[in-house]
$ cat coords-v9.txt   # compact mmCIF, C-alpha atoms
# COMPACT_ATOMS: atom_id res chain seq x y z
CA MET A 1 -41.96 181.13 125.79
CA ARG A 2 -43.58 179.47 128.80
CA ALA A 3 -46.83 179.17 126.82
CA ALA A 4 -44.98 177.49 124.00
CA LEU A 5 -43.55 175.02 126.47
CA GLY A 6 -46.92 174.24 127.92
CA GLY A 7 -47.51 177.25 130.19
CA GLY A 8 -46.97 176.73 133.88
CA ALA A 9 -47.31 172.95 133.67
CA LYS A 10 -45.07 170.94 135.97
CA ARG A 11 -41.94 169.71 134.24
CA LYS A 12 -42.07 166.02 133.44
CA GLY A 13 -39.35 163.46 133.00
CA THR A 14 -37.70 162.89 129.67
CA GLY A 15 -38.49 159.20 129.57
CA LEU A 16 -34.84 158.24 130.06
CA GLU A 17 -35.13 157.85 133.82
CA LEU A 18 -35.11 154.08 134.11
CA SER A 19 -35.71 152.43 137.45
CA ARG A 20 -32.09 151.33 137.74
CA TRP A 21 -31.06 154.99 137.57
CA THR A 22 -33.53 156.08 140.22
CA ALA A 23 -32.13 153.68 142.83
CA ALA A 24 -28.48 153.49 141.77
CA PRO A 25 -27.02 151.93 144.93
CA PRO A 26 -23.24 151.56 145.17
CA ARG A 27 -21.81 148.45 143.55
CA ARG A 28 -20.93 145.70 145.97
CA GLU A 29 -17.28 145.94 144.94
CA VAL A 30 -16.89 149.56 146.11
CA PRO A 31 -16.02 148.81 149.78
CA ALA A 32 -13.50 146.20 148.63
CA LEU A 33 -11.90 148.67 146.22
CA LEU A 34 -11.52 151.24 148.99
CA ALA A 35 -10.03 148.60 151.28
CA ALA A 36 -7.63 147.51 148.53
CA TYR A 37 -5.82 150.85 148.83
CA ALA A 38 -4.69 149.88 152.34
CA GLU A 39 -4.28 146.14 151.79
CA MET A 40 -2.55 145.96 148.40
CA PRO A 41 0.73 147.91 148.47
CA TRP A 42 1.36 148.11 144.73
CA LEU A 43 -2.11 149.43 143.92
CA GLY A 44 -1.82 151.91 146.78
CA THR A 45 1.59 153.07 145.53
CA ILE A 46 0.35 153.73 142.00
CA VAL A 47 -2.79 155.55 143.14
CA ASP A 48 -0.71 157.54 145.64
CA THR A 49 1.73 158.56 142.91
CA VAL A 50 -1.03 159.92 140.70
CA GLY A 51 -2.74 161.57 143.67
CA ASP A 52 0.41 163.32 144.87
CA ALA A 53 1.09 164.65 141.37
CA PHE A 54 -2.46 166.00 141.11
CA ALA A 55 -2.28 167.57 144.58
CA ASP A 56 0.69 169.68 143.42
CA VAL A 57 -1.37 171.46 140.74
CA THR A 58 -1.64 175.23 141.30
CA TRP A 59 -5.08 176.70 140.67
CA ARG A 60 -5.85 180.23 139.50
CA ALA A 61 -8.99 182.30 139.01
CA PHE A 62 -9.67 184.94 136.36
CA ILE A 63 -12.56 187.13 135.34
CA ARG A 64 -13.26 188.38 131.83
CA GLN A 65 -13.82 192.07 131.28
CA ASP A 66 -14.05 194.64 128.52
CA PRO A 67 -10.57 196.22 128.09
CA THR A 68 -12.08 199.68 127.68
CA THR A 69 -15.04 199.87 130.05
CA ARG A 70 -13.77 197.25 132.56
CA LYS A 71 -17.24 195.73 132.49
CA ALA A 72 -17.44 192.02 133.32
CA LEU A 73 -18.07 189.71 130.38
CA VAL A 74 -19.31 186.16 130.04
CA ASP A 75 -17.07 184.01 127.85
CA VAL A 76 -18.55 180.53 127.50
CA SER A 77 -16.05 179.44 124.86
CA LEU A 78 -13.17 180.25 127.22
CA ARG A 79 -14.71 178.14 129.96
CA ARG A 80 -15.04 175.20 127.60
CA ALA A 81 -11.53 175.54 126.19
CA GLY A 82 -8.95 172.86 126.98
CA GLY A 83 -6.08 173.37 129.40
CA ASP A 84 -3.34 174.65 127.08
CA VAL A 85 -5.74 176.67 124.94
CA ARG A 86 -7.38 178.20 128.02
CA ARG A 87 -4.04 179.22 129.51
CA GLU A 88 -2.81 180.82 126.28
CA ARG A 89 -6.04 182.74 125.76
CA LEU A 90 -6.11 183.99 129.34
CA LYS A 91 -2.48 185.06 129.06
CA SER A 92 -3.17 186.99 125.85
CA LEU A 93 -6.30 188.59 127.29
CA ALA A 94 -4.50 189.58 130.50
CA GLU A 95 -1.81 191.39 128.49
CA VAL A 96 -4.42 193.67 126.85
CA GLY A 97 -6.64 194.05 129.91
CA GLY A 98 -9.31 191.63 128.71
CA ALA A 99 -8.88 189.38 131.73
CA VAL A 100 -7.86 190.01 135.34
CA GLU A 101 -6.42 187.44 137.71
CA LEU A 102 -8.16 187.19 141.09
CA SER A 103 -5.41 185.94 143.35
CA ASP A 104 -7.59 186.04 146.50
CA HIS A 105 -10.89 184.83 145.13
CA PRO A 106 -13.14 182.96 147.63
CA LEU A 107 -13.18 179.94 145.34
CA LEU A 108 -9.39 179.62 145.60
CA ARG A 109 -9.55 180.05 149.36
CA LEU A 110 -12.19 177.32 149.58
CA LEU A 111 -10.09 174.89 147.54
CA ALA A 112 -7.04 175.71 149.68
CA ASP A 113 -8.94 175.29 152.97
CA PRO A 114 -12.01 173.08 152.34
CA ASN A 115 -12.86 172.27 155.97
CA ASP A 116 -11.54 172.28 159.52
CA TYR A 117 -10.03 168.80 159.30
CA MET A 118 -8.34 168.79 155.90
CA THR A 119 -5.85 170.83 153.96
CA GLY A 120 -6.46 171.68 150.34
CA ARG A 121 -3.78 169.21 149.34
CA ASP A 122 -5.43 166.39 151.29
CA PHE A 123 -8.79 167.19 149.72
CA SER A 124 -7.34 167.23 146.19
CA LYS A 125 -5.52 163.95 146.72
CA LEU A 126 -8.64 162.33 148.17
CA PHE A 127 -10.49 163.23 144.99
CA THR A 128 -7.94 161.27 142.97
CA LEU A 129 -8.02 158.29 145.35
CA HIS A 130 -11.80 157.97 145.20
CA TYR A 131 -11.93 158.73 141.48
CA ASP A 132 -9.28 156.19 140.50
CA LEU A 133 -10.42 153.43 142.84
CA THR A 134 -14.21 153.62 142.53
CA GLY A 135 -14.80 156.08 139.70
CA GLU A 136 -16.75 158.43 141.97
CA PHE A 137 -16.12 161.41 144.22
CA PHE A 138 -18.78 163.08 146.37
CA ALA A 139 -18.47 166.27 148.41
CA VAL A 140 -21.14 168.07 150.42
CA VAL A 141 -21.09 171.86 150.08
CA GLU A 142 -21.49 173.74 153.35
CA GLU A 143 -23.06 177.18 152.76
CA LEU A 144 -23.45 180.29 154.87
CA ALA A 145 -25.96 182.85 153.62
CA GLY A 146 -25.88 181.14 150.24
CA VAL A 147 -22.08 181.31 149.92
CA PRO A 148 -19.98 178.11 150.05
CA VAL A 149 -17.74 178.03 153.11
CA GLY A 150 -16.81 174.34 153.31
CA LEU A 151 -16.42 171.12 151.34
CA TRP A 152 -16.90 167.77 153.07
CA PRO A 153 -15.95 164.58 151.21
CA VAL A 154 -18.20 161.52 151.42
CA PRO A 155 -16.89 157.98 150.75
CA PRO A 156 -18.63 156.57 147.66
CA ASP A 157 -19.90 153.51 149.52
CA CYS A 158 -21.74 155.82 151.94
CA VAL A 159 -23.85 157.28 149.11
CA LEU A 160 -26.73 154.79 149.07
CA ALA A 161 -28.76 156.31 146.25
CA LEU A 162 -28.38 158.94 143.53
CA PRO A 163 -31.10 161.49 142.79
CA ASP A 164 -34.24 160.28 141.06
CA LEU A 165 -34.02 161.92 137.64
CA SER A 166 -37.75 161.53 137.03
CA LYS A 167 -38.44 164.10 139.75
CA PRO A 168 -38.21 167.89 139.29
CA LYS A 169 -34.75 169.28 139.82
CA ALA A 170 -35.65 170.98 143.10
CA GLU A 171 -36.94 167.70 144.57
CA ARG A 172 -33.95 165.48 143.77
CA THR A 173 -31.98 164.19 146.73
CA TYR A 174 -29.05 161.96 147.68
CA ALA A 175 -29.38 159.23 150.31
CA VAL A 176 -26.19 159.23 152.44
CA THR A 177 -25.31 157.20 155.50
CA ALA A 178 -22.86 158.42 158.15
CA GLY A 179 -22.30 157.29 161.72
CA GLY A 180 -25.11 154.76 161.48
CA ARG A 181 -27.64 157.42 160.49
CA LEU A 182 -29.35 157.98 157.15
CA PHE A 183 -29.37 161.50 155.71
CA THR A 184 -31.33 162.91 152.79
CA LEU A 185 -29.37 165.74 151.13
CA PRO A 186 -30.61 168.05 148.37
CA ALA A 187 -28.90 167.33 145.07
CA ALA A 188 -27.83 170.98 144.86
CA SER A 189 -25.75 170.52 148.04
CA VAL A 190 -23.68 167.64 146.67
CA ILE A 191 -20.89 167.77 144.11
CA CYS A 192 -20.61 164.51 142.21
CA VAL A 193 -17.62 163.79 139.97
CA LYS A 194 -17.58 160.42 138.27
CA ARG A 195 -15.82 158.43 135.62
CA LEU A 196 -18.70 157.55 133.34
CA ASN A 197 -19.76 153.97 132.84
CA PRO A 198 -20.70 153.64 129.14
CA ALA A 199 -23.23 150.93 130.00
CA ASP A 200 -24.97 153.20 132.54
CA PRO A 201 -23.97 156.84 131.88
CA LEU A 202 -26.53 158.34 134.28
CA GLY A 203 -25.82 155.83 137.04
CA ARG A 204 -22.83 155.14 139.22
CA GLY A 205 -19.26 155.73 138.07
CA ILE A 206 -16.71 153.03 137.44
CA GLY A 207 -13.05 153.29 138.44
CA ILE A 208 -9.89 151.98 136.84
CA ALA A 209 -9.28 149.64 139.78
CA TYR A 210 -12.57 147.88 139.02
CA ALA A 211 -11.24 146.72 135.65
CA LEU A 212 -7.99 145.64 137.30
CA GLY A 213 -9.74 143.43 139.81
CA ASP A 214 -8.37 140.11 138.54
CA GLU A 215 -4.81 141.38 138.13
CA VAL A 216 -4.75 143.01 141.55
CA ASP A 217 -6.24 139.92 143.21
CA THR A 218 -3.78 137.63 141.45
CA ASP A 219 -0.82 139.64 142.69
CA GLU A 220 -2.22 139.69 146.21
CA HIS A 221 -2.90 135.94 146.15
CA ALA A 222 0.65 135.28 144.91
CA ALA A 223 2.01 137.27 147.85
CA ARG A 224 -0.19 135.37 150.28
CA TYR A 225 0.81 132.05 148.73
CA VAL A 226 4.45 132.81 149.39
CA LYS A 227 3.57 133.81 152.94
CA ASN A 228 1.52 130.68 153.54
CA ALA A 229 4.34 128.53 152.19
CA PHE A 230 6.26 129.31 155.37
CA TRP A 231 3.34 127.88 157.32
CA ASN A 232 3.55 124.71 155.17
CA ASN A 233 -0.04 125.01 153.88
CA MET A 234 -0.90 122.02 156.10
CA LEU A 235 1.32 119.82 153.91
CA PRO A 236 4.84 118.56 154.48
CA GLY A 237 7.45 119.54 151.95
CA ALA A 238 8.33 115.85 151.36
CA VAL A 239 7.44 112.33 152.47
CA ILE A 240 10.19 109.88 153.43
CA ALA A 241 9.47 106.17 153.71
CA ILE A 242 12.22 103.98 155.21
CA GLU A 243 11.99 100.25 154.78
CA GLY A 244 11.77 98.41 158.06
CA PHE A 245 9.90 101.12 159.99
CA SER A 246 6.40 100.21 161.18
CA GLU A 247 3.73 101.79 163.37
CA GLY A 248 4.96 99.68 166.25
CA GLN A 249 8.42 101.15 166.02
CA ALA A 250 7.50 104.70 167.09
CA GLY A 251 10.72 105.12 169.02
CA PRO A 252 13.14 104.81 166.07
CA ALA A 253 10.85 106.92 163.88
CA ARG A 254 10.73 109.68 166.51
CA ALA A 255 14.48 109.58 166.91
CA PHE A 256 14.90 109.88 163.15
CA LYS A 257 12.60 112.92 163.05
CA GLU A 258 14.52 114.55 165.90
CA SER A 259 17.80 114.00 164.09
CA LEU A 260 16.34 115.59 160.96
CA ALA A 261 15.16 118.61 162.93
CA ARG A 262 18.52 118.91 164.62
CA GLU A 263 20.70 118.47 161.55
CA TYR A 264 18.59 120.06 158.83
CA GLY A 265 16.12 122.39 160.51
CA GLY A 266 16.36 126.20 160.36
CA PRO A 267 17.53 128.63 157.67
CA ALA A 268 21.23 127.92 158.33
CA ASN A 269 20.79 124.24 157.37
CA ALA A 270 18.64 124.82 154.30
CA GLY A 271 19.73 122.80 151.29
CA ARG A 272 22.01 120.39 153.15
CA VAL A 273 22.36 116.91 151.66
CA MET A 274 21.61 113.85 153.79
CA ILE A 275 23.38 110.56 153.15
CA THR A 276 21.89 107.46 154.73
CA SER A 277 22.14 103.68 154.41
CA GLY A 278 19.41 101.31 153.51
CA LYS A 279 16.57 101.53 151.05
CA THR A 280 14.91 104.95 151.10
CA THR A 281 11.92 106.29 149.14
CA PHE A 282 11.57 110.04 148.59
CA ALA A 283 8.51 111.88 147.23
CA ARG A 284 8.32 115.68 146.96
CA LEU A 285 4.84 117.17 147.44
CA ASP A 286 5.33 120.90 146.98
CA THR A 287 6.15 122.87 143.82
CA PRO A 288 9.34 124.93 143.98
CA PHE A 289 8.90 128.68 143.68
CA ARG A 290 11.34 128.68 140.78
CA ASP A 291 9.10 126.34 138.80
CA MET A 292 6.04 128.49 139.53
CA GLN A 293 7.82 131.65 138.30
CA LEU A 294 6.13 133.74 140.98
CA VAL A 295 8.72 136.51 140.68
CA GLU A 296 8.12 136.88 136.95
CA LEU A 297 4.36 136.71 137.46
CA ARG A 298 4.33 139.44 140.11
CA ARG A 299 6.67 141.64 138.07
CA PHE A 300 4.39 141.33 135.05
CA LEU A 301 1.29 142.16 137.10
CA MET A 302 2.92 145.17 138.72
CA ASP A 303 4.03 146.52 135.34
CA TYR A 304 0.57 145.91 133.94
CA ILE A 305 -1.16 147.79 136.75
CA ARG A 306 1.34 150.65 136.44
CA MET A 307 0.82 150.94 132.68
CA VAL A 308 -2.97 150.98 133.02
CA TYR A 309 -2.63 154.03 135.28
CA ARG A 310 -0.14 155.53 132.76
CA VAL A 311 2.66 155.85 135.29
CA PRO A 312 6.22 155.52 133.90
CA PRO A 313 8.51 153.03 135.68
CA GLU A 314 11.00 155.72 136.74
CA ILE A 315 8.31 157.50 138.77
CA VAL A 316 7.88 154.49 141.07
CA GLY A 317 11.60 153.83 141.43
CA ASP A 318 12.13 151.24 138.68
CA VAL A 319 15.39 152.40 137.06
CA THR A 320 16.37 149.05 135.60
CA SER A 321 16.63 150.41 132.05
CA SER A 322 16.60 154.14 132.71
CA ASN A 323 18.95 157.04 132.18
CA LYS A 324 18.86 160.78 132.79
CA ALA A 325 16.90 161.46 129.61
CA THR A 326 14.21 158.87 130.33
CA SER A 327 13.95 160.05 133.93
CA TYR A 328 13.17 163.60 132.83
CA ALA A 329 10.80 162.31 130.13
CA ALA A 330 8.98 160.24 132.77
CA ARG A 331 7.95 163.37 134.65
CA GLU A 332 6.58 164.87 131.46
CA HIS A 333 4.75 161.66 130.61
CA LEU A 334 3.14 161.48 134.06
CA ALA A 335 1.96 165.09 133.80
CA GLU A 336 0.61 164.70 130.26
CA GLN A 337 -1.05 161.31 130.66
CA ALA A 338 -2.15 161.24 134.30
CA THR A 339 -2.15 164.65 135.97
CA LYS A 340 -3.63 166.84 133.22
CA PRO A 341 -6.64 164.60 132.44
CA ARG A 342 -7.64 164.50 136.10
CA ALA A 343 -7.08 168.23 136.45
CA GLU A 344 -9.46 168.82 133.53
CA VAL A 345 -12.09 166.57 135.10
CA TRP A 346 -11.77 168.40 138.43
CA LEU A 347 -11.81 171.83 136.77
CA ALA A 348 -14.95 171.06 134.75
CA ALA A 349 -16.76 169.88 137.88
CA MET A 350 -15.74 172.90 139.97
CA GLN A 351 -16.55 175.30 137.12
CA LYS A 352 -20.01 173.80 136.70
CA HIS A 353 -21.09 173.09 140.28
CA LEU A 354 -19.08 175.41 142.53
CA ALA A 355 -17.98 178.58 140.68
CA PRO A 356 -21.54 179.86 139.92
CA ARG A 357 -22.33 179.85 143.65
CA PHE A 358 -20.09 182.87 144.20
CA GLY A 359 -22.21 185.17 142.07
CA ASP A 360 -19.57 186.26 139.57
CA ASP A 361 -18.30 184.88 136.30
CA VAL A 362 -15.05 183.50 137.65
CA ILE A 363 -13.02 181.31 135.29
CA LEU A 364 -10.96 178.60 136.96
CA THR A 365 -7.68 177.44 135.46
CA TYR A 366 -4.39 175.90 136.55
CA ASP A 367 -0.69 176.10 135.84
CA SER A 368 0.54 173.43 133.49
CA PRO A 369 1.98 170.51 135.47
CA VAL A 370 4.25 169.57 132.55
CA PRO A 371 7.85 170.44 133.50
CA ALA A 372 9.76 172.77 131.19
CA ASP A 373 12.06 171.14 128.67
CA ARG A 374 15.32 172.65 129.91
CA GLU A 375 17.44 170.69 127.47
CA HIS A 376 15.58 172.18 124.52
CA ARG A 377 15.74 175.66 126.01
CA LEU A 378 19.49 175.41 126.59
CA ARG A 379 20.03 174.19 123.03
CA VAL A 380 18.10 177.18 121.68
CA MET A 381 19.98 179.64 123.91
CA GLY A 382 23.31 178.05 123.00
CA THR A 383 22.60 178.31 119.28
CA LEU A 384 22.51 182.12 119.41
CA PRO A 385 23.74 183.31 122.83
CA SER A 386 23.76 186.96 121.77
CA ALA A 387 19.96 186.91 121.47
CA PHE A 388 19.61 186.64 125.27
CA THR A 389 20.48 189.06 128.03
CA PHE A 390 22.84 188.50 130.93
CA ASP A 391 19.83 188.34 133.27
CA GLU A 392 18.17 185.61 131.18
CA TRP A 393 21.33 183.51 131.27
CA ARG A 394 21.73 184.02 135.02
CA THR A 395 18.08 183.13 135.62
CA GLU A 396 18.46 179.95 133.57
CA ALA A 397 21.49 179.03 135.70
CA GLY A 398 19.51 179.62 138.90
CA PHE A 399 21.14 182.92 139.91
CA ARG A 400 19.65 186.33 140.62
CA PRO A 401 20.11 189.19 138.15
CA HIS A 402 23.40 191.06 138.59
CA PRO A 403 23.08 194.87 138.86
CA GLU A 404 26.33 195.44 136.97
CA ARG A 405 25.75 192.84 134.28
CA GLN A 406 22.62 193.78 132.36
CA GLY A 407 21.64 193.97 128.72
CA PHE A 408 22.94 191.81 125.89
CA ALA A 409 26.36 190.22 125.97
CA GLU A 410 27.13 191.16 122.37
CA LEU A 411 25.40 192.69 119.39
CA LEU A 412 22.94 190.76 117.33
CA PRO A 413 23.85 190.11 113.68
CA GLY A 414 23.17 193.23 111.61
CA GLN A 415 23.26 195.67 114.56
CA LYS A 416 25.78 198.41 115.33
CA PRO A 417 26.74 199.97 118.66
CA HIS A 418 24.36 202.58 120.08
CA GLU A 419 24.04 204.80 123.08
CA PRO A 420 22.27 203.50 126.19
CA GLY A 421 18.52 203.98 125.98
CA GLN A 422 18.45 204.03 122.19
CA THR A 423 17.12 201.34 119.90
CA PRO A 424 19.89 199.53 117.98
CA THR A 425 19.90 200.58 114.33
CA PRO A 426 20.45 198.09 111.50
CA VAL A 427 23.78 198.14 109.74
CA GLU A 428 23.46 199.16 106.11
CA GLY A 429 23.44 196.09 103.91
CA GLY A 430 22.97 193.72 106.87
CA ALA A 431 20.29 191.14 107.41
CA ALA A 432 18.44 193.35 109.86
CA ALA A 433 18.39 196.20 107.35
CA ALA A 434 17.06 193.89 104.65
CA SER A 435 14.28 192.74 106.95
CA SER A 436 13.45 196.37 107.77
CA GLU A 437 13.20 197.29 104.09
CA THR A 438 10.98 194.27 103.43
CA ALA A 439 8.67 195.29 106.23
CA LYS A 440 8.39 198.83 104.83
CA SER A 441 7.58 197.57 101.33
CA ASP A 442 4.81 195.36 102.73

$ encode --input "coords-v9.txt" --output "structure tokens"
Amino acid sequence: MRAALGGGAKRKGTGLELSRWTAAPPRREVPALLAAYAEMPWLGTIVDTVGDAFADVTWRAFIRQDPTTRKALVDVSLRRAGGDVRRERLKSLAEVGGAVELSDHPLLRLLADPNDYMTGRDFSKLFTLHYDLTGEFFAVVEELAGVPVGLWPVPPDCVLALPDLSKPKAERTYAVTAGGRLFTLPAASVICVKRLNPADPLGRGIGIAYALGDEVDTDEHAARYVKNAFWNNMLPGAVIAIEGFSEGQAGPARAFKESLAREYGGPANAGRVMITSGKTTFARLDTPFRDMQLVELRRFLMDYIRMVYRVPPEIVGDVTSSNKATSYAAREHLAEQATKPRAEVWLAAMQKHLAPRFGDDVILTYDSPVPADREHRLRVMGTLPSAFTFDEWRTEAGFRPHPERQGFAELLPGQKPHEPGQTPTPVEGGAAAASSETAKSD
């Protein structure tokens, strides 16, 4: 095989490694995007909401094995399966002994305790913050005797250059700055998760906040405009010219200004009407907030930013047109549209870059973040209550099983009474008996 590939010749580039991919410095907007999280409250709230939901995801680890010999197996198709399909397959395999859950696997311990200064929840949320703001997340893997023992996040703007793809894999490095020093890290020691830029798929990632730059800036400028209005923007709110006043009559003019300040200054005197004698000219210089529709503008921008991140209004406290049904649906929508996609991105990265470092064929998965549809479940249970046991009803109501109330409340259609420990027998001529006969004939 090696001869067919050219023997022991040194591996060359593919020809796709353009110069802009070899340098790949961070975009100039990245520091501003990171700062926007702290400076722009609405953007920070939306990103926080998505990050907190992702941080609540519960991760699990499994290993495939032969049900008979208990020998470990490699199942590539299972690793590539989507979230719901992966969970269902693992559940089915676990029931027949084809998969075993590893509740104390080192990979789970590493994700739960990545380093000495962060909890697993903080680390998971930080991934979402960096990923949503800049489109990139970097973490340095700390190893001991070849086994990962720590994960250290690196701000995207501190990664000065990506690996040169024209070099052999073993020679590729990241250029990272920290504390005023420049570090060169092997590419194998850095986990990079990015939201691909279609215009530069092998280069730097691009975050959602980058596309929202104009909307976010407009909302921030509107807030600052309102704030600056209280400092008058170096312009008076109005100009009053009174006939008969001249530059030489500074005394009367000053007295008039003092009377205005005394009678109409301060919030308590806002909007008072002044009646005066003589010929007076009035010219307003500012634009009223009502005419500018700043409230409507900011509401539109906030809704727009929220919708781009796929966050329902109820999740961020907007219950203007909400009810109980929409509030429950909002949680499901957030999980389906925001949490699950990010969980799949994180899982794929950890499965590719981190799981193989532990030397076994561990399969990473997570519990579905989508809340159970209790209304649907109660409708099903209420349609045929006799199909469920006392314990199932008590569990649905939030109570523990009762030792004296076990089994089914009443017989199912087509069943007759039986002794404890025996299987109910179909009543002759009943629906259950008909189904039994059909099964035998098949």

$ closest_residue --input "coords-v9.txt" --among "A:Thr69, A:Ser92, A:Thr177, A:Ser189" --to "Leu354 (chain A)" --atoms "all atoms listed in the file"
A:Ser189

$ residues_around --input "coords-v9.txt" --residues "region 401-409 of chain A" --least-positions-apart "5" --cutoff "10 Å" --atoms "all atoms listed in the file" --output "short mmCIF file (atom, residue, chain, number, x, y, z; two decimals) with C-alpha atoms, keeping the file's coordinate frame"
data_model
loop_
_atom_site.label_atom_id
_atom_site.label_comp_id
_atom_site.auth_asym_id
_atom_site.auth_seq_id
_atom_site.Cartn_x
_atom_site.Cartn_y
_atom_site.Cartn_z
CA PRO A 385 23.74 183.31 122.83
CA SER A 386 23.76 186.96 121.77
CA ALA A 387 19.96 186.91 121.47
CA PHE A 388 19.61 186.64 125.27
CA THR A 389 20.48 189.06 128.03
CA PHE A 390 22.84 188.50 130.93
CA ASP A 391 19.83 188.34 133.27
CA GLU A 392 18.17 185.61 131.18
CA TRP A 393 21.33 183.51 131.27
CA ARG A 394 21.73 184.02 135.02
CA THR A 395 18.08 183.13 135.62
CA PRO A 420 22.27 203.50 126.19
#

$ closest_residue --input "coords-v9.txt" --among "A:Tyr117, A:Phe54, A:Tyr304, A:Trp42" --to "Thr339 (chain A)" --atoms "all atoms listed in the file"
A:Phe54

$ closest_residue --input "coords-v9.txt" --among "A:Asp84, A:Glu263, A:Glu39, A:Asp104" --to "Ala61 (chain A)" --atoms "only C-alpha atoms"
A:Asp104

$ closest_atom_pairs --input "coords-v9.txt" --of "region 88-176 of chain A" --to "region 45-48 of chain A" --cutoff "10 Å" --atoms "all atoms listed in the file" --output "Markdown table"
| residue | atom | partner | partner_atom | distance |
| --- | --- | --- | --- | --- |
| A:Lys125 | CA | A:Asp48 | CA | 8.1 |
| A:Leu126 | CA | A:Asp48 | CA | 9.6 |
| A:Thr128 | CA | A:Val47 | CA | 7.7 |
| A:Leu129 | CA | A:Val47 | CA | 6.3 |
| A:His130 | CA | A:Val47 | CA | 9.6 |
| A:Tyr131 | CA | A:Val47 | CA | 9.8 |
| A:Asp132 | CA | A:Val47 | CA | 7.0 |
| A:Leu133 | CA | A:Val47 | CA | 7.9 |

$ write_last_selection --input "coords-v9.txt" --atoms "C-alpha atoms" --output "PDB file, in the frame of the given file"
ATOM      1  CA  LYS A 125      -5.520 163.950 146.720  1.00  0.00           C
ATOM      2  CA  LEU A 126      -8.640 162.330 148.170  1.00  0.00           C
ATOM      3  CA  THR A 128      -7.940 161.270 142.970  1.00  0.00           C
ATOM      4  CA  LEU A 129      -8.020 158.290 145.350  1.00  0.00           C
ATOM      5  CA  HIS A 130     -11.800 157.970 145.200  1.00  0.00           C
ATOM      6  CA  TYR A 131     -11.930 158.730 141.480  1.00  0.00           C
ATOM      7  CA  ASP A 132      -9.280 156.190 140.500  1.00  0.00           C
ATOM      8  CA  LEU A 133     -10.420 153.430 142.840  1.00  0.00           C
TER       9      LEU A 133
END

$ closest_residue --input "coords-v9.txt" --among "A:Arg60, A:Ala99, A:Lys324, A:Ser166" --to "Asp75 (chain A)" --atoms "only C-alpha atoms"
A:Ala99

$ residues_around --input "coords-v9.txt" --residues "Ala170 (chain A)" --least-positions-apart "3" --cutoff "10 Å" --atoms "all atoms listed in the file" --output "VMD selection string"
chain A and resid 167 173 186 to 188

$ closest_residue --input "coords-v9.txt" --among "A:Val57, A:Val316, A:Val295, A:Leu43" --to "Ala335 (chain A)" --atoms "all atoms listed in the file"
A:Val57

$ atom_distance --input "coords-v9.txt" --atom1 "CA of Leu297 (chain A)" --atom2 "CA of Glu220 (chain A)"
11.3 Å

$ atom_distance --input "coords-v9.txt" --atom1 "CA of Asp303 (chain A)" --atom2 "CA of His333 (chain A)"
15.9 Å

$ closest_residue --input "coords-v9.txt" --among "A:Pro201, A:Pro155, A:Gly120, A:Gly83" --to "Ala35 (chain A)" --atoms "all atoms listed in the file"
A:Pro155

$ atom_distance --input "coords-v9.txt" --atom1 "CA of Gly135 (chain A)" --atom2 "CA of Asp200 (chain A)"
12.8 Å

$ residues_around --input "coords-v9.txt" --residues "region 327-332 of chain A" --least-positions-apart "3" --cutoff "10 Å" --atoms "all atoms listed in the file" --output "list in words"
Ala53, Val311, Pro312, Pro313, Glu314, Ile315, Val319, Ser322, Asn323, Lys324, Ala335, Glu336, Gln337, Ala338, Thr339, Pro369, Val370, Pro371, Ala372, Asp373, Arg374 and Glu375 of chain A

$ axis_aligned_box --input "coords-v9.txt" --around "region 85-99 of chain A" --padding-each-side "4 Å" --output "AutoDock Vina command-line options"
--center_x -5.6 --center_y 185.4 --center_z 128.3 --size_x 15.5 --size_y 25.4 --size_z 14.8
